[in-house]
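K.L.:
Take a look at data.txt, compact mmCIF, C-alpha atoms:
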```txt
# COMPACT_ATOMS: atom_id res chain seq x y z
CA MET A 1 133.49 -156.84 -120.48
CA ALA A 2 129.83 -156.24 -121.11
CA THR A 3 127.81 -159.40 -121.42
CA THR A 4 124.15 -160.14 -121.49
CA ASN A 5 121.87 -163.05 -120.87
CA GLU A 6 118.49 -163.87 -122.42
CA LYS A 7 116.71 -161.94 -119.69
CA ASP A 8 118.16 -158.54 -120.61
CA TRP A 9 117.18 -156.26 -123.43
CA PRO A 10 120.16 -155.71 -125.71
CA LEU A 11 122.04 -152.43 -125.84
CA TRP A 12 121.58 -150.07 -128.80
CA GLU A 13 123.72 -147.10 -129.80
CA ILE A 14 121.63 -144.12 -130.86
CA PHE A 15 122.48 -141.60 -133.58
CA ILE A 16 120.40 -138.46 -134.11
CA GLN A 17 120.26 -136.13 -137.08
CA SER A 18 119.28 -132.77 -135.63
CA LYS A 19 118.45 -131.08 -138.96
CA ARG A 20 118.06 -132.16 -142.56
CA GLY A 21 121.41 -131.94 -144.31
CA LEU A 22 123.48 -132.56 -141.16
CA ASP A 23 125.13 -135.85 -140.22
CA HIS A 24 123.76 -138.33 -137.71
CA LYS A 25 125.62 -137.88 -134.46
CA HIS A 26 126.10 -140.38 -131.65
CA VAL A 27 124.15 -139.29 -128.55
CA GLY A 28 124.29 -142.30 -126.24
CA SER A 29 122.78 -145.71 -125.81
CA LEU A 30 119.70 -147.43 -124.45
CA HIS A 31 118.28 -150.90 -123.91
CA ALA A 32 115.40 -152.16 -126.06
CA ALA A 33 113.96 -155.52 -127.05
CA ASP A 34 113.91 -154.77 -130.78
CA ALA A 35 114.72 -152.07 -133.33
CA ARG A 36 111.30 -150.49 -133.28
CA MET A 37 111.34 -150.13 -129.52
CA ALA A 38 114.88 -148.77 -129.69
CA ILE A 39 113.78 -146.03 -132.07
CA GLU A 40 110.64 -145.17 -130.09
CA ASN A 41 112.56 -145.08 -126.82
CA ALA A 42 115.30 -142.99 -128.45
CA ARG A 43 112.63 -140.48 -129.43
CA ASP A 44 111.49 -140.22 -125.79
CA VAL A 45 114.96 -140.25 -124.24
CA TYR A 46 116.98 -138.12 -126.66
CA THR A 47 114.53 -135.84 -128.51
CA ARG A 48 112.10 -134.44 -125.94
CA ARG A 49 112.84 -130.90 -127.13
CA ASN A 50 112.79 -131.31 -130.90
CA GLU A 51 116.49 -132.20 -131.01
CA GLY A 52 115.90 -134.74 -133.74
CA ASN A 53 114.79 -135.05 -137.31
CA SER A 54 115.90 -138.64 -137.84
CA ILE A 55 117.08 -141.48 -135.60
CA TRP A 56 119.40 -144.40 -136.28
CA ALA A 57 119.61 -147.28 -133.82
CA VAL A 58 122.44 -149.82 -134.10
CA ARG A 59 122.95 -152.87 -131.92
CA ALA A 60 126.01 -152.05 -129.81
CA ALA A 61 127.25 -155.60 -130.48
CA ASP A 62 127.40 -154.83 -134.20
CA ILE A 63 129.78 -151.90 -133.86
CA HIS A 64 133.49 -152.59 -134.12
CA ALA A 65 136.06 -150.04 -133.11
CA SER A 66 139.75 -149.41 -133.64
CA LYS A 67 141.97 -149.97 -130.61
CA PRO A 68 143.16 -146.88 -128.76
CA GLU A 69 146.39 -148.63 -127.72
CA ASP A 70 147.29 -149.17 -131.39
CA GLN A 71 146.41 -145.61 -132.29
CA GLY A 72 149.93 -144.54 -133.17
CA ALA A 73 150.80 -147.39 -135.51
CA PHE A 74 147.29 -147.68 -136.93
CA PHE A 75 147.09 -144.10 -138.15
CA ASP A 76 150.77 -143.97 -139.04
CA PRO A 77 150.33 -144.29 -142.82
CA ALA A 78 148.76 -140.82 -142.94
CA ASP A 79 151.68 -139.22 -141.09
CA ASP A 80 154.26 -139.16 -143.85
CA LYS A 81 152.03 -137.96 -146.67
CA VAL A 82 152.33 -134.24 -146.21
CA TYR A 83 151.89 -133.84 -149.96
CA ARG A 84 148.19 -134.54 -149.46
CA HIS A 85 147.79 -131.12 -147.92
CA PRO A 86 147.50 -128.03 -150.12
CA THR A 87 150.00 -126.15 -147.97
CA PHE A 88 152.71 -128.55 -149.22
CA TYR A 89 152.75 -126.62 -152.51
CA PRO A 90 154.03 -123.07 -152.20
CA MET A 91 152.38 -120.85 -154.78
CA PRO A 92 154.50 -118.18 -156.45
CA GLU A 93 153.70 -114.57 -155.71
CA GLY A 94 151.16 -113.25 -158.20
CA VAL A 95 149.32 -116.53 -158.82
CA LYS A 96 145.69 -115.92 -157.96
CA TYR A 97 142.51 -117.89 -157.26
CA ILE A 98 144.20 -121.17 -156.34
CA MET B 1 126.46 -163.75 -124.75
CA TYR B 2 128.10 -161.21 -126.99
CA LYS B 3 131.05 -158.94 -126.95
CA ILE B 4 130.63 -155.22 -127.37
CA SER B 5 133.72 -154.16 -129.18
CA LEU B 6 132.96 -150.48 -128.65
CA ARG B 7 132.80 -150.96 -124.93
CA GLU B 8 134.99 -153.98 -124.48
CA ARG B 9 137.05 -153.47 -121.41
CA VAL B 10 140.66 -154.53 -121.69
CA PRO B 11 141.94 -155.52 -118.24
CA SER B 12 145.29 -153.91 -117.58
CA THR B 13 146.91 -157.29 -116.90
CA THR B 14 145.97 -158.60 -120.33
CA LEU B 15 147.23 -155.39 -121.80
CA ALA B 16 150.58 -155.62 -120.10
CA THR B 17 151.28 -159.21 -121.04
CA ARG B 18 149.88 -159.23 -124.54
CA ASN B 19 152.59 -159.62 -127.14
CA THR B 20 151.77 -156.94 -129.68
CA PHE B 21 153.71 -154.45 -131.70
CA PRO B 22 154.95 -151.84 -130.98
CA TYR B 23 155.18 -152.72 -127.31
CA ILE B 24 152.74 -152.39 -124.45
CA MET B 25 153.70 -149.95 -121.79
CA PRO B 26 153.90 -150.91 -118.12
CA ASP B 27 151.07 -149.54 -115.95
CA SER B 28 153.22 -146.90 -114.28
CA GLN B 29 154.05 -145.38 -117.65
CA GLN B 30 150.43 -145.68 -118.79
CA GLU B 31 149.35 -143.90 -115.64
CA SER B 32 151.69 -140.98 -116.19
CA LEU B 33 150.51 -140.67 -119.81
CA PHE B 34 146.94 -140.79 -118.58
CA GLN B 35 147.61 -137.99 -116.09
CA GLN B 36 149.30 -135.92 -118.82
CA LYS B 37 146.19 -136.26 -120.96
CA VAL B 38 143.98 -135.22 -118.06
CA ASP B 39 146.25 -132.27 -117.21
CA ALA B 40 146.12 -131.15 -120.84
CA GLU B 41 142.30 -131.12 -120.63
CA GLN B 42 141.96 -133.99 -123.10
CA LYS B 43 138.90 -136.12 -122.49
CA ILE B 44 139.33 -139.78 -121.54
CA GLU B 45 137.21 -142.03 -123.75
CA PRO B 46 135.76 -145.50 -122.96
CA ARG B 47 138.47 -147.65 -124.52
CA ASP B 48 141.44 -145.56 -123.37
CA TRP B 49 143.73 -146.94 -120.72
CA MET B 50 142.70 -145.65 -117.29
CA PRO B 51 143.73 -146.47 -113.71
CA ASP B 52 141.41 -148.99 -112.05
CA GLY B 53 140.70 -146.45 -109.30
CA TYR B 54 139.56 -143.89 -111.87
CA ARG B 55 137.20 -146.42 -113.44
CA LYS B 56 135.82 -147.54 -110.06
CA ASN B 57 135.40 -144.00 -108.84
CA LEU B 58 133.52 -143.03 -112.00
CA VAL B 59 131.21 -146.06 -111.98
CA ARG B 60 130.34 -145.31 -108.36
CA GLN B 61 129.78 -141.59 -108.94
CA ILE B 62 127.88 -141.85 -112.25
CA SER B 63 125.64 -144.71 -111.11
CA GLN B 64 124.86 -142.91 -107.84
CA HIS B 65 123.99 -139.87 -109.89
CA ALA B 66 121.74 -142.00 -112.15
CA HIS B 67 120.04 -143.61 -109.15
CA SER B 68 119.40 -140.14 -107.71
CA GLU B 69 117.60 -139.07 -110.88
CA ILE B 70 115.44 -142.19 -110.80
CA VAL B 71 114.61 -142.08 -107.07
CA GLY B 72 114.16 -138.31 -107.42
CA MET B 73 111.04 -138.94 -109.47
CA LEU B 74 109.25 -140.32 -106.39
CA PRO B 75 108.89 -137.25 -104.16
CA GLU B 76 107.67 -135.17 -107.10
CA GLY B 77 105.50 -137.92 -108.53
CA ASN B 78 103.64 -137.71 -105.23
CA TRP B 79 102.09 -134.40 -106.41
CA ILE B 80 101.28 -135.14 -110.06
CA THR B 81 97.71 -136.16 -109.32
CA ARG B 82 97.22 -133.28 -106.89
CA ALA B 83 98.82 -130.39 -108.79
CA PRO B 84 96.63 -127.29 -108.36
CA SER B 85 95.91 -126.77 -112.08
CA LEU B 86 96.12 -128.58 -115.39
CA ARG B 87 98.97 -126.27 -116.39
CA ARG B 88 100.99 -127.14 -113.29
CA LYS B 89 100.20 -130.81 -113.76
CA THR B 90 101.46 -130.98 -117.36
CA ILE B 91 104.61 -129.05 -116.37
CA LEU B 92 105.29 -131.40 -113.47
CA LEU B 93 104.73 -134.45 -115.68
CA ALA B 94 107.24 -133.11 -118.20
CA LYS B 95 109.74 -132.43 -115.44
CA VAL B 96 109.44 -135.90 -113.93
CA GLN B 97 109.82 -137.40 -117.42
CA ASP B 98 113.03 -135.36 -117.80
CA GLU B 99 114.35 -136.90 -114.56
CA ALA B 100 113.81 -140.37 -116.02
CA GLY B 101 115.66 -139.23 -119.15
CA HIS B 102 118.54 -137.89 -117.05
CA GLY B 103 118.79 -141.21 -115.26
CA LEU B 104 119.00 -142.98 -118.62
CA TYR B 105 121.70 -140.64 -120.01
CA LEU B 106 123.75 -141.37 -116.91
CA TYR B 107 123.26 -145.15 -116.89
CA SER B 108 124.30 -145.07 -120.54
CA ALA B 109 127.48 -143.16 -119.64
CA ALA B 110 128.28 -145.55 -116.75
CA GLU B 111 127.78 -148.58 -119.00
CA THR B 112 130.63 -147.41 -121.25
CA LEU B 113 132.92 -148.25 -118.31
CA GLY B 114 132.01 -151.93 -118.54
CA THR B 115 129.38 -152.20 -115.81
CA GLY B 116 126.01 -153.53 -116.99
CA ARG B 117 122.70 -151.81 -116.42
CA ASP B 118 121.25 -154.83 -114.58
CA GLU B 119 124.22 -154.81 -112.21
CA MET B 120 123.69 -151.15 -111.36
CA VAL B 121 119.94 -151.57 -110.90
CA ASP B 122 120.58 -154.58 -108.63
CA GLN B 123 122.95 -152.48 -106.52
CA LEU B 124 120.30 -149.81 -106.08
CA LEU B 125 117.54 -152.30 -105.21
CA SER B 126 119.71 -154.28 -102.78
CA GLY B 127 120.67 -151.08 -101.00
CA ALA B 128 124.37 -151.52 -101.86
CA ALA B 129 124.43 -148.33 -103.95
CA LYS B 130 123.63 -144.90 -102.61
CA TYR B 131 121.60 -142.06 -104.05
CA SER B 132 121.32 -138.42 -103.05
CA SER B 133 120.20 -138.04 -99.43
CA ILE B 134 117.78 -135.25 -100.39
CA PHE B 135 115.21 -137.64 -101.85
CA ASN B 136 114.64 -139.24 -98.48
CA TYR B 137 112.67 -136.22 -97.32
CA PRO B 138 108.89 -136.12 -97.76
CA THR B 139 106.96 -133.69 -99.98
CA LEU B 140 104.25 -132.59 -97.56
CA THR B 141 102.68 -129.67 -99.44
CA TRP B 142 102.46 -128.29 -102.97
CA ALA B 143 105.03 -125.63 -101.98
CA ASP B 144 107.56 -128.45 -101.60
CA ILE B 145 107.40 -128.96 -105.37
CA GLY B 146 108.38 -125.31 -105.73
CA ALA B 147 111.18 -125.66 -103.19
CA ILE B 148 112.53 -128.79 -104.87
CA GLY B 149 112.75 -127.09 -108.27
CA TRP B 150 114.27 -123.92 -106.87
CA LEU B 151 116.65 -125.32 -104.23
CA VAL B 152 117.23 -129.01 -104.96
CA ASP B 153 117.53 -128.60 -108.73
CA GLY B 154 119.37 -125.33 -108.13
CA ALA B 155 121.97 -127.12 -106.00
CA ALA B 156 122.14 -129.99 -108.51
CA ILE B 157 122.80 -127.51 -111.33
CA MET B 158 125.87 -126.12 -109.52
CA ASN B 159 127.32 -129.61 -109.44
CA GLN B 160 126.23 -130.50 -112.97
CA VAL B 161 127.60 -127.35 -114.59
CA MET B 162 130.95 -128.24 -113.05
CA LEU B 163 130.65 -131.82 -114.36
CA CYS B 164 130.22 -130.60 -117.96
CA ARG B 165 134.02 -130.19 -117.73
CA THR B 166 134.71 -133.57 -116.13
CA SER B 167 137.58 -135.55 -117.67
CA TYR B 168 135.56 -138.60 -118.75
CA GLY B 169 134.05 -137.92 -122.19
CA PRO B 170 130.72 -139.80 -121.98
CA TYR B 171 129.99 -138.34 -118.53
CA ALA B 172 130.76 -134.80 -119.70
CA ARG B 173 128.53 -135.21 -122.77
CA ALA B 174 125.63 -136.54 -120.68
CA MET B 175 126.04 -133.54 -118.37
CA VAL B 176 125.88 -131.03 -121.21
CA ARG B 177 122.58 -132.58 -122.26
CA ILE B 178 121.27 -132.54 -118.69
CA CYS B 179 122.28 -128.94 -118.02
CA LYS B 180 120.38 -127.77 -121.09
CA GLU B 181 117.21 -129.21 -119.58
CA GLU B 182 117.80 -128.45 -115.94
CA SER B 183 117.22 -124.69 -115.91
CA PHE B 184 113.57 -125.30 -116.87
CA HIS B 185 113.32 -127.35 -113.68
CA GLN B 186 114.69 -124.63 -111.48
CA ARG B 187 112.58 -121.91 -113.05
CA GLN B 188 109.32 -123.83 -112.83
CA GLY B 189 110.00 -124.36 -109.10
CA TYR B 190 110.76 -120.69 -108.50
CA ASP B 191 107.64 -119.80 -110.51
CA ILE B 192 105.51 -121.90 -108.14
CA LEU B 193 107.01 -120.05 -105.16
CA ILE B 194 106.49 -116.63 -106.76
CA THR B 195 102.80 -117.46 -107.11
CA LEU B 196 102.50 -118.75 -103.54
CA SER B 197 104.46 -115.88 -102.00
CA LYS B 198 102.18 -113.36 -103.73
CA GLY B 199 99.09 -115.30 -102.65
CA THR B 200 97.08 -115.42 -99.44
CA PRO B 201 98.86 -115.33 -96.06
CA GLU B 202 98.27 -119.09 -95.83
CA GLN B 203 99.94 -119.65 -99.20
CA LYS B 204 102.89 -117.49 -98.25
CA ALA B 205 103.24 -119.36 -94.97
CA MET B 206 103.23 -122.60 -96.94
CA ALA B 207 106.09 -121.32 -99.09
CA GLN B 208 108.05 -120.25 -95.98
CA ASP B 209 107.48 -123.65 -94.37
CA ALA B 210 108.83 -125.39 -97.48
CA LEU B 211 111.95 -123.19 -97.46
CA ASP B 212 112.42 -123.92 -93.74
CA ARG B 213 112.36 -127.67 -94.35
CA TRP B 214 114.35 -127.83 -97.61
CA TRP B 215 117.11 -125.27 -97.01
CA TRP B 216 119.49 -127.33 -94.89
CA PRO B 217 118.98 -130.64 -96.73
CA SER B 218 119.72 -128.75 -99.97
CA LEU B 219 123.04 -127.52 -98.54
CA MET B 220 123.85 -131.11 -97.55
CA MET B 221 123.52 -132.13 -101.21
CA PHE B 222 127.03 -130.78 -101.85
CA GLY B 223 128.38 -133.53 -99.65
CA PRO B 224 130.72 -133.53 -96.64
CA SER B 225 132.92 -130.56 -95.92
CA ASP B 226 136.26 -130.66 -97.82
CA LYS B 227 138.19 -131.52 -94.67
CA ASP B 228 136.01 -134.64 -94.19
CA SER B 229 135.93 -135.71 -97.83
CA PRO B 230 138.89 -138.04 -98.31
CA HIS B 231 138.25 -138.84 -101.99
CA SER B 232 137.94 -135.24 -103.06
CA ALA B 233 141.65 -134.60 -103.59
CA GLN B 234 142.03 -137.60 -105.90
CA SER B 235 138.85 -136.70 -107.81
CA LEU B 236 140.17 -133.18 -108.33
CA LYS B 237 143.54 -134.52 -109.51
CA TRP B 238 141.82 -136.77 -112.04
CA LYS B 239 139.56 -133.83 -112.92
CA ILE B 240 136.45 -135.92 -112.30
CA LYS B 241 135.46 -133.05 -110.02
CA ARG B 242 136.59 -129.55 -110.87
CA GLN B 243 135.52 -127.67 -107.74
CA SER B 244 135.35 -128.76 -104.11
CA ASN B 245 132.13 -129.40 -102.14
CA ASP B 246 132.62 -126.33 -99.96
CA GLU B 247 133.36 -124.04 -102.91
CA LEU B 248 130.18 -125.07 -104.72
CA ARG B 249 128.10 -124.82 -101.54
CA GLN B 250 129.29 -121.26 -100.96
CA ILE B 251 128.51 -120.17 -104.54
CA PHE B 252 125.04 -121.69 -104.21
CA ILE B 253 124.35 -119.76 -101.00
CA ASP B 254 125.69 -116.52 -102.46
CA ARG B 255 123.38 -116.85 -105.45
CA THR B 256 120.27 -118.01 -103.61
CA VAL B 257 119.96 -115.40 -100.85
CA SER B 258 118.73 -112.60 -103.14
CA GLN B 259 116.24 -114.99 -104.76
CA ALA B 260 114.75 -115.68 -101.32
CA GLU B 261 114.64 -111.95 -100.61
CA PHE B 262 112.72 -111.36 -103.83
CA LEU B 263 110.13 -113.88 -102.67
CA GLY B 264 109.92 -112.13 -99.30
CA LEU B 265 110.91 -115.38 -97.59
CA LYS B 266 113.41 -115.81 -94.79
CA ILE B 267 116.25 -118.32 -95.01
CA PRO B 268 116.21 -120.36 -91.76
CA ASP B 269 119.75 -119.52 -90.68
CA PRO B 270 120.19 -116.84 -87.97
CA LYS B 271 123.93 -116.68 -88.73
CA LEU B 272 123.44 -115.83 -92.41
CA LYS B 273 125.11 -112.47 -93.01
CA TRP B 274 126.90 -110.73 -95.89
CA ASN B 275 130.64 -110.44 -95.26
CA GLU B 276 132.05 -107.36 -96.95
CA ALA B 277 135.66 -108.55 -96.47
CA THR B 278 135.25 -111.97 -98.10
CA GLN B 279 132.50 -110.86 -100.51
CA HIS B 280 130.58 -113.98 -99.51
CA TYR B 281 127.80 -114.79 -97.08
CA ASP B 282 128.78 -116.13 -93.70
CA TRP B 283 126.40 -118.81 -92.56
CA GLY B 284 125.67 -121.33 -89.79
CA GLU B 285 126.52 -124.97 -89.30
CA ILE B 286 125.12 -128.01 -91.12
CA ASP B 287 123.78 -130.74 -88.87
CA TRP B 288 126.15 -133.49 -90.03
CA THR B 289 124.57 -136.00 -87.65
CA GLU B 290 121.34 -135.69 -89.60
CA PHE B 291 123.23 -135.98 -92.90
CA ASN B 292 124.98 -139.17 -91.79
CA GLU B 293 121.78 -140.68 -90.45
CA VAL B 294 119.96 -140.12 -93.76
CA ILE B 295 122.93 -141.53 -95.71
CA ARG B 296 122.92 -144.56 -93.42
CA GLY B 297 119.29 -145.24 -94.31
CA ASN B 298 117.56 -143.65 -91.35
CA GLY B 299 116.03 -140.62 -93.07
CA PRO B 300 112.28 -139.98 -93.00
CA CYS B 301 111.56 -141.77 -96.31
CA ASN B 302 114.47 -144.15 -97.07
CA ALA B 303 112.40 -147.29 -96.56
CA GLU B 304 109.43 -145.92 -98.50
CA ARG B 305 111.60 -144.90 -101.49
CA MET B 306 113.34 -148.26 -101.72
CA ALA B 307 110.05 -150.13 -101.36
CA ALA B 308 108.56 -148.07 -104.20
CA ARG B 309 111.57 -148.76 -106.48
CA ARG B 310 111.55 -152.49 -105.73
CA LYS B 311 107.82 -152.73 -106.37
CA ALA B 312 108.10 -150.81 -109.66
CA HIS B 313 110.94 -153.08 -110.80
CA ALA B 314 109.08 -156.26 -109.84
CA ASP B 315 105.81 -155.06 -111.38
CA GLY B 316 107.62 -154.32 -114.64
CA ALA B 317 109.20 -157.77 -114.92
CA TRP B 318 106.42 -159.24 -117.08
CA VAL B 319 106.69 -156.30 -119.51
CA ARG B 320 110.42 -156.82 -119.94
CA GLU B 321 109.93 -160.56 -120.49
CA ALA B 322 106.99 -160.13 -122.88
CA ALA B 323 108.84 -157.58 -125.02
CA LEU B 324 111.80 -159.90 -125.32
CA ALA B 325 109.60 -162.90 -126.17
CA TYR B 326 107.81 -160.83 -128.82
CA ALA B 327 111.10 -159.65 -130.33
CA GLY B 328 112.35 -163.24 -130.42
CA LYS B 329 109.20 -164.52 -132.11
CA LYS B 330 109.31 -161.73 -134.69
CA SER B 331 112.95 -162.27 -135.60
CA LYS B 332 112.30 -166.02 -136.04
CA ARG B 333 109.38 -165.25 -138.33
CA ASN B 334 111.49 -162.81 -140.36
CA ALA B 335 114.25 -165.38 -140.71
CA ALA B 336 111.82 -168.06 -141.97
```
The structure given in the file should be rewritten as structure tokens.

P.N.:
Amino acid sequence: MATTNEKDWPLWEIFIQSKRGLDHKHVGSLHAADARMAIENARDVYTRRNEGNSIWAVRAADIHASKPEDQGAFFDPADDKVYRHPTFYPMPEGVKYI
Amino acid sequence: MYKISLRERVPSTTLATRNTFPYIMPDSQQESLFQQKVDAEQKIEPRDWMPDGYRKNLVRQISQHAHSEIVGMLPEGNWITRAPSLRRKTILLAKVQDEAGHGLYLYSAAETLGTGRDEMVDQLLSGAAKYSSIFNYPTLTWADIGAIGWLVDGAAIMNQVMLCRTSYGPYARAMVRICKEESFHQRQGYDILITLSKGTPEQKAMAQDALDRWWWPSLMMFGPSDKDSPHSAQSLKWKIKRQSNDELRQIFIDRTVSQAEFLGLKIPDPKLKWNEATQHYDWGEIDWTEFNEVIRGNGPCNAERMAARRKAHADGAWVREAALAYAGKKSKRNAA
């Protein structure tokens, strides 16, 4: 379990948008004392070759995740709803543009 | 103290005894599911169940790799102020900065396994953790910077390209990033040696001397021979490694010989000879006594490297404290 004490800079998760119009993608993490330093360090660590257009930094402690061991049951509700997929509805021969 | 839910490590004992629905599998069953995932080339992610040995092995390997990137800045840093031109100086600065970046990608990947950065740094500074033996050799001339880029980074690339396919997701992703940057390192080194080998007889001799000193230590970078590498089989089974030390070493030699020939330099191995039957080069014998001595801390620069790291860490303490104090003051002011 990751812990920290007052002497350590907290951990930040870094997300980079490589181009306008694309989503921000997780690239890794770094330690920084505050948000501004996190973003400036992220620029130096993760975008030395123009990989980035925009940076998000989120305190790792503020991210909550689903549990891999519950994966089956957790995502179960989506399993039995095949009617959400277009292929559930066979289209008669001759019907076009749908 | 805070909990990082993304990285929170669930000890297998807690997992096995926790009363949750559906039911929690015993470790043996978890382990066989884990191996099935690995065999099916699915990546293992931080919060997935994994055998303790897999986790330990990865923390050791990734943190050693990170330490190597960080310590690796020292031999090259030695020449930043004495690079022969402004162009070479800016290139070398950029390369050394990349090495720091590579170290950070790797520490970040290792931290997803539940080991803190401070713990890893402490292990390096106390001498408990190892780093690549190659960085315990001195950089005596400018040609050494060429030889490091060409041979040391060249050998590292062989290993890193393989690790892009490693089974642990965060490690593989860090490697993809590193590999994209690494070929610049190798080329800038080779470029230095092209210039020297086309220069005056003294410059060419300097290039040859660098090759003479760096060739064998570069071959040692691939680690012990397969027959003497007890952890290799398990690492291959878990797909942490995808190729053996000896395989990678042979590919490196096969690729490098013609590059040396182009430079008009001679590889310091009288037994080096193309073998038509195997379609590989035959070559001599690594001095494993030297390798073991350097690993044990008795290389030419071990003490110097560790002293430099400890000093840098100690000298930076006030910066780390001041930044934290400033952040604390600012957040209090914002809250008020």

K.L.:
Produce a table with one row for each residue of chain A that has an atom at most 8 Å from any atom of chain B, each row naming the nearest atom pair and its distance in Å at one decimal; use all atoms listed in the file; arrange rows by chain and rising residue number; format as CSV.

P.N.:
```
residue,atom,partner,partner_atom,distance
A:Met1,CA,B:Arg9,CA,5.0
A:Ala2,CA,B:Gly114,CA,5.5
A:Thr3,CA,B:Met1,CA,5.6
A:Thr4,CA,B:Met1,CA,5.4
A:Asn5,CA,B:Met1,CA,6.1
A:Lys7,CA,B:Glu321,CA,7.0
A:Asp8,CA,B:Asp118,CA,7.7
A:Trp9,CA,B:Leu324,CA,6.8
A:Gly28,CA,B:Ser108,CA,6.3
A:Ser29,CA,B:Ser108,CA,5.5
A:Leu30,CA,B:Ser108,CA,6.5
A:Ala33,CA,B:Leu324,CA,5.2
A:Asp34,CA,B:Ala327,CA,5.6
A:Asp44,CA,B:Gly101,CA,7.9
A:Val45,CA,B:Gly101,CA,5.2
A:Tyr46,CA,B:Gly101,CA,7.7
A:Ala60,CA,B:Ile4,CA,6.1
A:Ala61,CA,B:Ile4,CA,4.6
A:Asp62,CA,B:Ile4,CA,7.6
A:Ile63,CA,B:Leu6,CA,6.3
A:His64,CA,B:Ser5,CA,5.2
A:Ala65,CA,B:Leu6,CA,5.4
A:Lys67,CA,B:Arg47,CA,7.4
A:Pro68,CA,B:Asp48,CA,5.8
A:Glu69,CA,B:Asp48,CA,7.3
A:Ala73,CA,B:Pro22,CA,7.6
```

K.L.:
Using only C-alpha atoms for the distances, tell me which of B:Ser225, B:Ser235, B:Ser197, B:Asn298 is nearest to Arg249 in chain B.

P.N.:
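Using only C-alpha atoms, Arg249 in chain B sits closest to B:Ser225.
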
K.L.:
Could you give me, as a list in words, the residues within 9 Å of range 77-84 of chain B, counting all atoms listed in the file and dropping anything in the same chain fewer than 4 positions from it?

P.N.:
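Contacts, with the query itself left out: Gly72, Met73, Arg88, Lys89, Thr90, Leu92, Leu93, Val96, Thr139, Thr141, Trp142 and Ile145 of chain B.
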
K.L.:
Using only C-alpha atoms, which protein or nucleic acid residues come within 12 Å of Ile267 in chain B? Drop anything in the same chain fewer than 5 positions from it, and give the result as a PyMOL selection string.

P.N.:
chain B and resi 151+207-216+219+253+256-262+272-273+283-284

K.L.:
List as an MDAnalysis selection string the residues having at least one atom at most 6 Å from position (123.8, -124.0, -105.4) as given in the file, counting all atoms listed in the file.

P.N.:
chainID B and resid 154:155 158 249 252

K.L.:
Just the number, please: distance in Å from CA of Val27 in chain A to CA of Glu13 in chain A, one decimal.

P.N.:
7.9 Å

K.L.:
Have a look at CA of Ser232 in chain B and CA of Ile157 in chain B and let me know their distance in Å, one decimal.

P.N.:
18.9 Å

K.L.:
Separation of CA of Asp246 in chain B and CA of Asp282 in chain B, in Å?

P.N.:
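About the pair CA of Asp246 in chain B and CA of Asp282 in chain B: they are 12.6 Å apart.
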
K.L.:
Using all atoms listed in the file, which of B:Met206, B:Ala277, B:Arg305, B:Ser244 sits nearest Leu140 in chain B?

P.N.:
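When distances to Leu140 in chain B are compared using all atoms listed in the file, the smallest one comes from B:Met206.
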
K.L.:
Pick from B:Phe184, B:Asn245, B:Asp39, B:Gly169: nearest to Ala110 in chain B, with all atoms listed in the file counted?

P.N.:
B:Gly169

K.L.:
Out of B:Ala66, B:Leu125, B:Leu263, B:Val59, which residue has the shortest atom-to-atom distance to Trp150 in chain B when counting all atoms listed in the file?

P.N.:
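Counting all atoms listed in the file, the residue closest to Trp150 in chain B is B:Leu263.
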
K.L.:
Do a neighbour search on range 33-36 of chain B at 9 Å with all atoms listed in the file, toss out local chain neighbours closer than 5 positions, and write the hits as a list in words.

P.N.:
Ser28, Glu41, Gln42, Ile44, Asp48, Trp49, Met50, Pro51, Lys237 and Trp238 of chain B

K.L.:
Once 5 Å is added on each side, what centre and edge lengths in Å to one decimal does the axis-aligned box around all listed atoms of range 56-71 of chain B have, as lines of an AutoDock Vina configuration file?

P.N.:
```
center_x = 125.2
center_y = -143.3
center_z = -109.7
size_x = 31.2
size_y = 18.5
size_z = 15.2
```

K.L.:
Just give me the residues with any atom within 10 Å of (126.5, -127.1, -116.1), file coordinates, counting only C-alpha atoms, written as a ChimeraX atom specification.

P.N.:
/B:156-165,172,175-180,182-183
